[in-house]
Amino acid sequence: MVEAECSCGAVTVGIEALPAFINDCNCSLCRKSGGAWGYFTASQVRVDGETSIFMRSDKDQPAVQIHVCPHCHTTTHWTLTEDFQAKAPDPGATGVNMRLFASDALIGVEIRFPDGAAWSGEGDYGYRRPPFVVTTDVQL
């Protein structure tokens, strides 16, 4: 189990293994929440501590609810909204903010840069730059 915590230490997130990749998306939600997401099933993620939930209001049916520490307001993870779970290919999908983890814990993980700001919400999205792999010299 690899663990990280919010800025004040009130919320701890544990993952069974590193993700296959991390998406550093530039959509308004990801950019403003400060998230760089690793994707997991719900059973692969352990969250200890209370979180507050934010759901965007600019979408009729938001897909995710963002979890933050109620004390320091660090974004910790997201879960699918109840409405979206029925439509999702993986109803237990959870995104963990990989910026919580020390860079040296992420060595070898690929960082991808989806262009969420230009994505319509349907079909595949494009990328705004080529991916890179985290090393001791190149970090998230």
# chains A, B, ... in the order shown; residues from 1 in each chain; ligands from 1
call {"tool": "select_by_dssp", "arguments": {"residues": "region 17-113 of chain A", "states": "helix (DSSP H, G or I)", "output": "list in words"}}
result
Ser28, Leu29, Cys30, Arg31, Lys32, Ser33, Ala42, Ser43, Gln44, Glu82, Asp83, Phe84, Gln85, Met98, Arg99, Leu100, Ser103, Asp104, Ala105 and Leu106 of chain A
call {"tool": "residues_around", "arguments": {"residues": "Glu16 (chain A)", "least_positions_apart": "3", "cutoff": "7 Å", "atoms": "only C-alpha atoms", "output": "ChimeraX atom specification"}}
result
/A:1-2,44-45
call {"tool": "residues_around", "arguments": {"residues": "region 95-102 of chain A", "least_positions_apart": "3", "cutoff": "6 Å", "atoms": "only C-alpha atoms", "output": "list in words"}}
result
Ala4, Gly35, Ala36, Trp37, Gly38, Tyr39, Thr76, His77, Trp78 and Ala105 of chain A
call {"tool": "residues_around", "arguments": {"residues": "Cys6 (chain A)", "least_positions_apart": "4", "cutoff": "8 Å", "atoms": "only C-alpha atoms", "output": "PyMOL selection string"}}
result
chain A and resi 10-12+69+72+74-76+100
call {"tool": "select_by_dssp", "arguments": {"residues": "region 55-97 of chain A", "states": "strand (DSSP E or B)", "output": "PyMOL selection string"}}
result
chain A and resi 64-68+75-80+93-97
call {"tool": "write_last_selection", "arguments": {"atoms": "N, CA and C atoms", "output": "mmCIF file, in the first residue's frame"}}
result
data_model
loop_
_atom_site.group_PDB
_atom_site.id
_atom_site.type_symbol
_atom_site.label_atom_id
_atom_site.label_comp_id
_atom_site.auth_asym_id
_atom_site.auth_seq_id
_atom_site.Cartn_x
_atom_site.Cartn_y
_atom_site.Cartn_z
ATOM 1 N N VAL A 64 -18.593 13.346 -11.941
ATOM 2 C CA VAL A 64 -17.821 13.036 -10.739
ATOM 3 C C VAL A 64 -18.135 14.012 -9.611
ATOM 4 N N GLN A 65 -17.871 13.534 -8.413
ATOM 5 C CA GLN A 65 -17.908 14.402 -7.239
ATOM 6 C C GLN A 65 -16.489 14.449 -6.680
ATOM 7 N N ILE A 66 -15.997 15.653 -6.499
ATOM 8 C CA ILE A 66 -14.639 15.877 -6.019
ATOM 9 C C ILE A 66 -14.656 15.853 -4.492
ATOM 10 N N HIS A 67 -13.723 15.104 -3.914
ATOM 11 C CA HIS A 67 -13.603 15.031 -2.452
ATOM 12 C C HIS A 67 -12.415 15.883 -2.015
ATOM 13 N N VAL A 68 -12.629 16.701 -0.987
ATOM 14 C CA VAL A 68 -11.579 17.565 -0.452
ATOM 15 C C VAL A 68 -11.553 17.441 1.071
ATOM 16 N N THR A 75 -7.600 18.752 -2.530
ATOM 17 C CA THR A 75 -8.347 17.770 -3.307
ATOM 18 C C THR A 75 -7.680 16.414 -3.138
ATOM 19 N N THR A 76 -8.458 15.412 -2.722
ATOM 20 C CA THR A 76 -7.886 14.089 -2.475
ATOM 21 C C THR A 76 -8.237 13.074 -3.550
ATOM 22 N N HIS A 77 -9.502 13.070 -3.984
ATOM 23 C CA HIS A 77 -9.925 12.075 -4.960
ATOM 24 C C HIS A 77 -11.292 12.449 -5.529
ATOM 25 N N TRP A 78 -11.736 11.693 -6.516
ATOM 26 C CA TRP A 78 -13.102 11.828 -7.001
ATOM 27 C C TRP A 78 -13.756 10.455 -7.067
ATOM 28 N N THR A 79 -15.072 10.467 -6.982
ATOM 29 C CA THR A 79 -15.885 9.277 -7.198
ATOM 30 C C THR A 79 -16.967 9.640 -8.200
ATOM 31 N N LEU A 80 -17.534 8.641 -8.842
ATOM 32 C CA LEU A 80 -18.595 8.884 -9.807
ATOM 33 C C LEU A 80 -19.873 9.297 -9.084
ATOM 34 N N ALA A 93 -15.339 3.262 -10.549
ATOM 35 C CA ALA A 93 -14.118 4.019 -10.845
ATOM 36 C C ALA A 93 -13.890 5.115 -9.811
ATOM 37 N N THR A 94 -12.635 5.278 -9.433
ATOM 38 C CA THR A 94 -12.213 6.314 -8.500
ATOM 39 C C THR A 94 -10.943 6.945 -9.036
ATOM 40 N N GLY A 95 -10.880 8.262 -8.995
ATOM 41 C CA GLY A 95 -9.678 8.970 -9.390
ATOM 42 C C GLY A 95 -8.984 9.501 -8.149
ATOM 43 N N VAL A 96 -7.696 9.238 -8.036
ATOM 44 C CA VAL A 96 -6.920 9.715 -6.892
ATOM 45 C C VAL A 96 -6.006 10.832 -7.372
ATOM 46 N N ASN A 97 -5.966 11.924 -6.615
ATOM 47 C CA ASN A 97 -5.083 13.039 -6.953
ATOM 48 C C ASN A 97 -3.643 12.625 -6.653
#
call {"tool": "atom_distance", "arguments": {"atom1": "CA of Gly116 (chain A)", "atom2": "CA of Asn26 (chain A)"}}
result
5.4 Å
call {"tool": "atom_distance", "arguments": {"atom1": "CA of Leu106 (chain A)", "atom2": "CA of Asn23 (chain A)"}}
result
13.1 Å
call {"tool": "closest_residue", "arguments": {"among": "A:Pro70, A:Ala86, A:Ala117, A:Val109", "to": "Lys32 (chain A)", "atoms": "only C-alpha atoms"}}
result
A:Ala117
call {"tool": "closest_residue", "arguments": {"among": "A:Ser28, A:Ser33, A:Thr136, A:Thr81", "to": "Ser103 (chain A)", "atoms": "only C-alpha atoms"}}
result
A:Thr136
call {"tool": "residues_around", "arguments": {"residues": "Asp24 (chain A)", "least_positions_apart": "5", "cutoff": "9 Å", "atoms": "only C-alpha atoms", "output": "PDB file with N, CA and C atoms, in the first residue's frame"}}
result
ATOM      1  N   CYS A  30     -10.594  20.010 -13.473  1.00  0.00           N
ATOM      2  CA  CYS A  30      -9.281  19.468 -13.077  1.00  0.00           C
ATOM      3  C   CYS A  30      -8.290  20.587 -12.775  1.00  0.00           C
ATOM      4  N   ARG A  31      -8.296  21.612 -13.625  1.00  0.00           N
ATOM      5  CA  ARG A  31      -7.359  22.727 -13.436  1.00  0.00           C
ATOM      6  C   ARG A  31      -7.625  23.450 -12.127  1.00  0.00           C
ATOM      7  N   GLY A  35      -6.130  18.718  -9.587  1.00  0.00           N
ATOM      8  CA  GLY A  35      -5.980  17.271  -9.671  1.00  0.00           C
ATOM      9  C   GLY A  35      -5.133  16.815 -10.846  1.00  0.00           C
ATOM     10  N   ALA A  36      -4.353  15.783 -10.617  1.00  0.00           N
ATOM     11  CA  ALA A  36      -3.661  15.002 -11.646  1.00  0.00           C
ATOM     12  C   ALA A  36      -4.016  13.561 -11.291  1.00  0.00           C
ATOM     13  N   TRP A  37      -4.807  12.913 -12.126  1.00  0.00           N
ATOM     14  CA  TRP A  37      -5.551  11.740 -11.707  1.00  0.00           C
ATOM     15  C   TRP A  37      -4.936  10.405 -12.101  1.00  0.00           C
ATOM     16  N   ILE A 111       2.977  10.291 -17.417  1.00  0.00           N
ATOM     17  CA  ILE A 111       2.070  11.423 -17.246  1.00  0.00           C
ATOM     18  C   ILE A 111       1.543  11.795 -18.625  1.00  0.00           C
ATOM     19  N   ARG A 112       0.214  11.811 -18.753  1.00  0.00           N
ATOM     20  CA  ARG A 112      -0.433  12.177 -20.013  1.00  0.00           C
ATOM     21  C   ARG A 112      -1.139  13.513 -19.848  1.00  0.00           C
ATOM     22  N   PHE A 113      -1.327  14.224 -20.952  1.00  0.00           N
ATOM     23  CA  PHE A 113      -1.856  15.583 -20.908  1.00  0.00           C
ATOM     24  C   PHE A 113      -3.091  15.739 -21.813  1.00  0.00           C
ATOM     25  N   PRO A 114      -4.230  15.174 -21.388  1.00  0.00           N
ATOM     26  CA  PRO A 114      -5.437  15.305 -22.207  1.00  0.00           C
ATOM     27  C   PRO A 114      -5.903  16.750 -22.307  1.00  0.00           C
ATOM     28  N   LEU A 140       6.252  15.150 -11.627  1.00  0.00           N
ATOM     29  CA  LEU A 140       4.889  15.660 -11.751  1.00  0.00           C
ATOM     30  C   LEU A 140       4.801  17.010 -11.084  1.00  0.00           C
TER      31      LEU A 140
END
call {"tool": "closest_residue", "arguments": {"among": "A:Tyr125, A:His71, A:Val134, A:Ile53", "to": "Cys8 (chain A)", "atoms": "only C-alpha atoms"}}
result
A:His71
call {"tool": "closest_residue", "arguments": {"among": "A:Gly108, A:Gly121, A:Ser43, A:Gly34", "to": "Gln61 (chain A)", "atoms": "only C-alpha atoms"}}
result
A:Gly121
call {"tool": "closest_residue", "arguments": {"among": "A:Ser7, A:Ser57, A:Gln139, A:Ser120", "to": "Cys27 (chain A)", "atoms": "only C-alpha atoms"}}
result
A:Ser120
